[in-house]
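Trainee: Input coords-v4.pdb, format and content: PDB, C-alpha atoms and all ligand atoms.
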```pdb
ATOM      1  CA  MET A  13     105.003 128.711 148.101
ATOM      2  CA  ILE A  14     106.108 125.371 149.470
ATOM      3  CA  ARG A  15     104.107 122.337 148.455
ATOM      4  CA  ARG A  16     104.413 118.589 148.405
ATOM      5  CA  CYS A  17     105.549 117.092 145.097
ATOM      6  CA  LEU A  18     102.979 115.279 143.021
ATOM      7  CA  GLU A  19     103.591 112.304 140.798
ATOM      8  CA  SER A  20     103.329 114.642 137.832
ATOM      9  CA  ASP A  21     106.274 116.664 139.234
ATOM     10  CA  PHE A  22     108.695 113.787 138.751
ATOM     11  CA  GLU A  23     110.406 115.031 135.594
ATOM     12  CA  ALA A  24     110.846 118.590 136.884
ATOM     13  CA  THR A  25     112.273 117.211 140.124
ATOM     14  CA  TYR A  26     114.706 115.064 138.151
ATOM     15  CA  ILE A  27     115.802 118.081 136.113
ATOM     16  CA  ILE A  28     116.356 120.407 139.065
ATOM     17  CA  VAL A  29     118.243 117.786 141.077
ATOM     18  CA  ASN A  30     120.664 117.222 138.242
ATOM     19  CA  GLU A  31     121.004 120.887 137.377
ATOM     20  CA  ALA A  32     121.796 121.911 140.975
ATOM     21  CA  ALA A  33     124.061 118.894 141.472
ATOM     22  CA  GLN A  34     126.429 120.390 138.895
ATOM     23  CA  ALA A  35     127.843 122.222 141.933
ATOM     24  CA  TYR A  36     129.553 118.939 142.858
ATOM     25  CA  ARG A  37     131.278 118.519 139.523
ATOM     26  CA  GLY A  38     135.031 118.855 139.969
ATOM     27  CA  VAL A  39     134.564 119.147 143.740
ATOM     28  CA  ILE A  40     133.702 115.630 144.811
ATOM     29  CA  PRO A  41     136.016 112.785 143.712
ATOM     30  CA  THR A  42     135.582 111.926 140.031
ATOM     31  CA  ASP A  43     134.690 108.314 140.845
ATOM     32  CA  CYS A  44     131.723 109.596 142.892
ATOM     33  CA  TRP A  45     130.442 111.756 140.032
ATOM     34  CA  SER A  46     128.192 110.521 137.255
ATOM     35  CA  GLU A  47     126.252 112.171 134.479
ATOM     36  CA  PRO A  48     123.434 112.566 135.262
ATOM     37  CA  TYR A  49     124.275 112.785 138.930
ATOM     38  CA  MET A  50     121.024 111.034 139.792
ATOM     39  CA  ALA A  51     119.398 108.787 137.210
ATOM     40  CA  ARG A  52     115.611 108.647 136.861
ATOM     41  CA  ASP A  53     115.576 105.104 138.202
ATOM     42  CA  GLU A  54     117.520 106.161 141.288
ATOM     43  CA  LEU A  55     115.098 108.999 141.915
ATOM     44  CA  ARG A  56     112.159 106.626 141.473
ATOM     45  CA  ASP A  57     113.750 104.204 143.944
ATOM     46  CA  GLU A  58     114.217 106.983 146.489
ATOM     47  CA  ILE A  59     110.543 107.975 146.225
ATOM     48  CA  ARG A  60     109.466 104.328 146.438
ATOM     49  CA  ASP A  61     111.650 103.965 149.544
ATOM     50  CA  GLY A  62     109.792 106.783 151.263
ATOM     51  CA  VAL A  63     111.564 110.020 150.391
ATOM     52  CA  VAL A  64     108.860 112.685 150.230
ATOM     53  CA  PHE A  65     109.876 115.668 148.138
ATOM     54  CA  TRP A  66     108.711 119.220 148.697
ATOM     55  CA  TRP A  67     108.905 121.999 146.173
ATOM     56  CA  TYR A  68     109.580 125.670 146.536
ATOM     57  CA  GLU A  69     107.693 127.491 143.802
ATOM     58  CA  GLU A  70     107.479 131.150 142.867
ATOM     59  CA  ASN A  71     105.027 132.349 140.235
ATOM     60  CA  GLY A  72     104.654 128.774 139.024
ATOM     61  CA  ASP A  73     108.438 128.317 138.656
ATOM     62  CA  LEU A  74     110.141 125.512 140.541
ATOM     63  CA  LEU A  75     113.149 126.961 142.360
ATOM     64  CA  GLY A  76     114.126 124.167 144.719
ATOM     65  CA  VAL A  77     113.351 120.710 146.077
ATOM     66  CA  MET A  78     114.136 118.947 149.318
ATOM     67  CA  GLY A  79     113.164 115.508 150.579
ATOM     68  CA  ILE A  80     112.369 114.050 153.957
ATOM     69  CA  GLN A  81     112.424 110.360 154.784
ATOM     70  CA  ASP A  82     111.393 108.719 158.029
ATOM     71  CA  VAL A  83     113.678 105.793 158.785
ATOM     72  CA  LYS A  84     113.241 103.802 161.998
ATOM     73  CA  ASP A  85     113.134 106.456 164.725
ATOM     74  CA  VAL A  86     114.646 109.410 162.852
ATOM     75  CA  SER A  87     113.907 111.710 159.931
ATOM     76  CA  LEU A  88     116.533 112.158 157.246
ATOM     77  CA  ILE A  89     116.702 115.304 155.169
ATOM     78  CA  ARG A  90     117.509 114.043 151.665
ATOM     79  CA  HIS A  91     118.415 115.568 148.333
ATOM     80  CA  ALA A  92     118.455 119.322 148.931
ATOM     81  CA  TYR A  93     118.692 121.105 145.591
ATOM     82  CA  VAL A  94     118.076 124.709 144.653
ATOM     83  CA  ARG A  95     118.317 125.818 141.037
ATOM     84  CA  SER A  96     121.821 127.258 140.547
ATOM     85  CA  THR A  97     120.533 130.691 139.517
ATOM     86  CA  ASN A  98     118.425 130.870 142.681
ATOM     87  CA  GLN A  99     120.949 129.730 145.275
ATOM     88  CA  ASN A 100     121.858 132.049 148.172
ATOM     89  CA  HIS A 101     118.453 133.697 148.183
ATOM     90  CA  GLY A 102     116.934 131.849 151.078
ATOM     91  CA  VAL A 103     115.079 129.079 149.194
ATOM     92  CA  GLY A 104     117.033 126.231 150.816
ATOM     93  CA  SER A 105     116.566 127.795 154.260
ATOM     94  CA  LYS A 106     112.804 127.985 153.795
ATOM     95  CA  LEU A 107     112.589 124.402 152.558
ATOM     96  CA  LEU A 108     114.736 123.135 155.422
ATOM     97  CA  SER A 109     112.649 125.002 158.016
ATOM     98  CA  HIS A 110     109.482 123.629 156.483
ATOM     99  CA  LEU A 111     110.732 120.045 156.501
ATOM    100  CA  ARG A 112     111.927 120.375 160.075
ATOM    101  CA  SER A 113     108.448 121.568 161.074
ATOM    102  CA  LEU A 114     106.986 118.321 159.683
ATOM    103  CA  THR A 115     108.772 116.043 162.120
ATOM    104  CA  SER A 116     109.318 115.752 165.841
ATOM    105  CA  ARG A 117     111.895 113.017 165.338
ATOM    106  CA  PRO A 118     115.633 113.513 165.629
ATOM    107  CA  THR A 119     116.758 114.835 162.270
ATOM    108  CA  LEU A 120     119.891 113.726 160.433
ATOM    109  CA  ILE A 121     121.533 114.953 157.252
ATOM    110  CA  GLY A 122     124.414 113.591 155.216
ATOM    111  CA  THR A 123     126.382 115.309 152.484
ATOM    112  CA  TRP A 124     129.737 115.318 150.720
ATOM    113  CA  LYS A 125     132.575 116.417 152.941
ATOM    114  CA  ASP A 126     133.971 118.527 150.090
ATOM    115  CA  ALA A 127     130.680 120.408 149.582
ATOM    116  CA  THR A 128     131.810 123.178 151.932
ATOM    117  CA  TRP A 129     128.823 125.396 151.077
ATOM    118  CA  ALA A 130     126.403 122.661 152.110
ATOM    119  CA  VAL A 131     128.369 121.971 155.308
ATOM    120  CA  ARG A 132     128.154 125.688 156.194
ATOM    121  CA  PHE A 133     124.471 125.795 155.278
ATOM    122  CA  TYR A 134     123.576 122.983 157.688
ATOM    123  CA  ILE A 135     125.786 124.329 160.481
ATOM    124  CA  ASN A 136     124.129 127.736 160.069
ATOM    125  CA  HIS A 137     120.828 125.949 160.561
ATOM    126  CA  GLY A 138     121.822 124.523 163.918
ATOM    127  CA  PHE A 139     123.024 121.098 162.790
ATOM    128  CA  LYS A 140     126.196 119.728 164.318
ATOM    129  CA  LEU A 141     128.824 117.792 162.454
ATOM    130  CA  VAL A 142     129.159 114.406 164.113
ATOM    131  CA  SER A 143     132.412 112.577 164.723
ATOM    132  CA  LYS A 144     133.707 110.076 162.163
ATOM    133  CA  GLU A 145     132.795 107.073 164.269
ATOM    134  CA  THR A 146     129.284 108.408 164.891
ATOM    135  CA  LYS A 147     128.859 109.160 161.188
ATOM    136  CA  ASP A 148     129.919 105.656 160.206
ATOM    137  CA  HIS A 149     127.389 104.263 162.637
ATOM    138  CA  LEU A 150     124.575 106.577 161.527
ATOM    139  CA  LEU A 151     125.204 105.936 157.820
ATOM    140  CA  ARG A 152     124.974 102.207 158.370
ATOM    141  CA  GLU A 153     121.994 102.444 160.689
ATOM    142  CA  TYR A 154     119.780 104.894 158.814
ATOM    143  CA  TRP A 155     120.843 105.300 155.216
ATOM    144  CA  ALA A 156     120.185 102.615 152.619
ATOM    145  CA  ALA A 157     123.371 101.247 151.069
ATOM    146  CA  LEU A 158     125.099 104.219 149.468
ATOM    147  CA  PRO A 159     127.058 103.756 146.276
ATOM    148  CA  TRP A 160     129.913 105.983 147.545
ATOM    149  CA  PRO A 161     132.619 105.416 150.103
ATOM    150  CA  ASN A 162     131.668 106.685 153.570
ATOM    151  CA  ASN A 163     134.947 108.525 153.908
ATOM    152  CA  GLN A 164     133.679 111.066 151.380
ATOM    153  CA  ARG A 165     130.593 111.805 153.455
ATOM    154  CA  VAL A 166     129.862 113.845 156.541
ATOM    155  CA  ALA A 167     126.762 113.668 158.707
ATOM    156  CA  PHE A 168     124.921 116.239 160.783
ATOM    157  CA  ALA A 169     122.416 116.010 163.564
ATOM    158  CA  ARG A 170     120.244 118.467 165.427
ATOM    159  CA  LYS A 171     120.660 118.640 169.168
ATOM    160  CA  THR A 172     117.561 116.533 169.637
ATOM    161  CA  ALA A 173     119.322 113.669 167.879
ATOM    162  CA  GLN A 174     121.771 113.377 170.766
ATOM    163  CA  ARG A 175     119.304 111.110 172.471
ATOM    164  CA  LEU A 176     120.013 108.558 169.746
ATOM    165  CA  LEU A 177     123.474 108.277 171.174
ATOM    166  CA  ARG A 178     122.238 107.776 174.673
ATOM    167  CA  ARG A 179     120.649 104.485 173.771
ATOM    168  CA  PRO A 180     123.200 101.871 174.661
ATOM    169  CA  ARG A 181     121.496  99.140 172.639
ATOM    170  CA  THR A 182     121.373 101.110 169.403
ATOM    171  CA  ILE A 183     124.813 102.546 169.724
ATOM    172  CA  ALA A 184     126.537  99.485 170.981
ATOM    173  CA  SER A 185     124.726  97.216 168.559
ATOM    174  CA  ARG A 186     127.586  97.209 166.102
ATOM    175  CA  GLY A 187     130.273  97.457 168.721
ATOM    176  CA  GLN A 188     131.620 100.615 167.126
ATOM    177  CA  ILE A 189     130.439 103.462 169.277
ATOM    178  CA  ARG A 190     131.021 104.040 172.940
ATOM    179  CA  GLN A 191     127.811 104.197 174.942
ATOM    180  CA  ARG A 192     128.175 107.782 176.066
ATOM    181  CA  THR A 193     129.541 109.246 172.891
ATOM    182  CA  SER A 194     128.060 112.675 172.280
ATOM    183  CA  PHE A 195     128.051 114.935 169.275
ATOM    184  CA  PRO A 196     130.964 117.358 169.167
ATOM    185  CA  ALA A 197     129.938 120.981 169.587
TER     186      ALA A 197
HETATM  187  C1  LIG B 201     122.875 123.789 149.622
HETATM  188  C2  LIG B 201     121.609 124.442 149.062
HETATM  189  C3  LIG B 201     120.470 123.455 149.065
HETATM  190  C4  LIG B 201     121.237 125.633 149.968
HETATM  191  O1  LIG B 201     120.119 126.288 149.417
HETATM  192  P1  LIG B 201     120.154 127.865 149.178
HETATM  193  O2  LIG B 201     118.827 128.293 148.727
HETATM  194  O3  LIG B 201     121.306 128.206 148.291
HETATM  195  O4  LIG B 201     120.438 128.339 150.670
HETATM  196  P2  LIG B 201     120.030 129.725 151.350
HETATM  197  O5  LIG B 201     120.013 130.819 150.337
HETATM  198  O6  LIG B 201     118.819 129.512 152.142
HETATM  199  O7  LIG B 201     121.243 129.892 152.323
HETATM  200  C5  LIG B 201     122.566 129.843 151.796
HETATM  201  C6  LIG B 201     123.287 131.149 152.079
HETATM  202  O8  LIG B 201     122.626 132.237 151.506
HETATM  203  C7  LIG B 201     122.388 133.222 152.491
HETATM  204  N1  LIG B 201     121.087 133.808 152.218
HETATM  205  C8  LIG B 201     119.894 133.399 152.677
HETATM  206  N2  LIG B 201     118.924 134.227 152.228
HETATM  207  C9  LIG B 201     119.527 135.121 151.443
HETATM  208  C10 LIG B 201     119.060 136.216 150.677
HETATM  209  N3  LIG B 201     117.756 136.565 150.641
HETATM  210  N4  LIG B 201     119.953 136.924 149.954
HETATM  211  C11 LIG B 201     121.265 136.582 149.958
HETATM  212  N5  LIG B 201     121.772 135.566 150.685
HETATM  213  C12 LIG B 201     120.921 134.862 151.415
HETATM  214  C13 LIG B 201     122.366 132.470 153.773
HETATM  215  O9  LIG B 201     122.723 133.302 154.876
HETATM  216  C14 LIG B 201     123.385 131.397 153.538
HETATM  217  O10 LIG B 201     124.674 131.910 153.832
HETATM  218  P3  LIG B 201     125.940 130.958 154.040
HETATM  219  O11 LIG B 201     126.526 130.769 152.677
HETATM  220  O12 LIG B 201     126.823 131.701 154.959
HETATM  221  O13 LIG B 201     125.424 129.651 154.602
HETATM  222  C15 LIG B 201     121.835 124.991 147.618
HETATM  223  O14 LIG B 201     122.860 125.954 147.650
HETATM  224  C16 LIG B 201     122.182 123.927 146.592
HETATM  225  O15 LIG B 201     121.304 123.358 145.971
HETATM  226  N6  LIG B 201     123.492 123.674 146.369
HETATM  227  C17 LIG B 201     123.960 122.699 145.372
HETATM  228  C18 LIG B 201     123.574 121.293 145.722
HETATM  229  C19 LIG B 201     123.938 120.962 147.143
HETATM  230  O16 LIG B 201     125.047 121.186 147.621
HETATM  231  N7  LIG B 201     122.974 120.360 147.852
HETATM  232  C20 LIG B 201     123.161 119.861 149.200
HETATM  233  C21 LIG B 201     122.851 118.394 149.171
HETATM  234  S1  LIG B 201     122.975 117.672 150.767
END
```
Show this structure as structure tokens.
Mentor:
Amino acid sequence: MIRRCLESDFEATYIIVNEAAQAYRGVIPTDCWSEPYMARDELRDEIRDGVVFWWYEENGDLLGVMGIQDVKDVSLIRHAYVRSTNQNHGVGSKLLSHLRSLTSRPTLIGTWKDATWAVRFYINHGFKLVSKETKDHLLREYWAALPWPNNQRVAFARKTAQRLLRRPRTIASRGQIRQRTSFPA
């Protein structure tokens, strides 16, 4: 069953995020890693800033969480975490499909470039890796200030997000992206 997180789910969400994030340990640069990976205050800030978390539950057990955040004219998929013992059993796919059904906006995702499993997961779900210059633009435009260097991140967009890049004003606003840049296939 997929359901929206309640306030009372905060602690369990915090635990599963940090348990699943152990996958990054030793994979992402050490200066990007912290223990816990996401502190309670950070998680609280994310919720306050509009990230809505959804849970995947089976027989009352929380198996995974995933967040969605509307920012300006897009939806961001944020903080996708499936309990390590339950990964590769379709939980993340179901959560992602559910979140995508909640929005008609262009949908963007960012993750660590070294998290090859996550990169494959999003590509398998029809997201396209965007070019470096597009990523830099999207990270600045839609993500709140991230504590990590952008060169460690990759970004993905669904086809529908291509229209973002057809808006000269948005794209040219920081003088970084050519007006007719499109996502690479
Ligand atoms: C990335 C993540 C959220 C994906 O969730 P998941 O539940 O493991 O993903 P799914 O099981 O739906 O799909 C992953 C793979 O399992 C396969 N799969 C799906 N259902 C399956 C099933 N019933 N049995 C076996 N394999 C299955 C999928 O085909 C997919 O294959 P791929 O490796 O070729 O992409 C999860 O692995 C995770 O939490 N990883 C650690 C943290 C992380 O990297 N988060 C991303 C943050 S942006």
Trainee: Between A:Arg16, A:Arg52, A:Arg152, A:Arg165, which is the closest to ligand LIG 201 (chain B) once you count all atoms listed in the file?
Mentor: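 Going through A:Arg16, A:Arg52, A:Arg152, A:Arg165 one by one, the smallest distance to ligand LIG 201 (chain B) is for A:Arg165.
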Trainee: Give the residues close to ligand LIG 201 (chain B), within 8 Å, counting all atoms listed in the file; write them as a PyMOL selection string.
Mentor: chain A and resi 29+32-36+76+78+90-96+98-106+121-124+127+129-130+132-136
Trainee: Report, in Å with one decimal, the straight-line distance from atom CA of A:Ser109 to atom CA of A:Asp53.
Mentor: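 So the two atoms, atom CA of A:Ser109 and atom CA of A:Asp53, lie 28.2 Å apart.
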Trainee: One decimal, in Å: what's the spacing between atom CA of A:Ser113 and atom CA of A:Leu74?
Mentor: 21.0 Å
Trainee: Can you list, as a ChimeraX atom specification, the residues that the PyMOL selection byres (((chain A and resi 126) around 8) and not hetatm) selects here?
Mentor: /A:39-40,124-125,127-128,164
Trainee: Provide the atom CA of A:Cys17 to atom CA of A:Thr119 distance in Å, to one decimal place.
Mentor: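 Here the two named atoms are 20.6 Å from each other.
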Trainee: Assuming the chain letters and numbering stay as they are in my file, what does the PyMOL selection byres (((chain A and resi 63) around 8) and not hetatm) actually select? List them as a list in words.
Mentor: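 Here the PyMOL selection byres (((chain A and resi 63) around 8) and not hetatm) matches Glu58, Ile59, Arg60, Asp61, Gly62, Val64, Phe65, Gly79, Ile80, Gln81, Asp82 and Arg90 of chain A.
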Trainee: Counting only C-alpha atoms, figure out which residue out of A:Ala156, A:Asp148, A:Thr25, A:Arg170 gets nearest to A:Arg56.
Mentor: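 Using only C-alpha atoms, A:Arg56 sits closest to A:Thr25.
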Trainee: Using the chain letters and numbering of this document, enumerate as a PyMOL selection string the residues selected by the PyMOL selection byres (((chain A and resi 84) around 10) and not hetatm).
Mentor: chain A and resi 81-83+85-87+117+153-154
Trainee: So which residues fall inside 12 Å of (127.6, 112.7, 134.4) if we count all atoms listed in the file? Mind giving them as an NGL selection string?
Mentor: :A and (30-31 or 33-34 or 36-38 or 42-51)
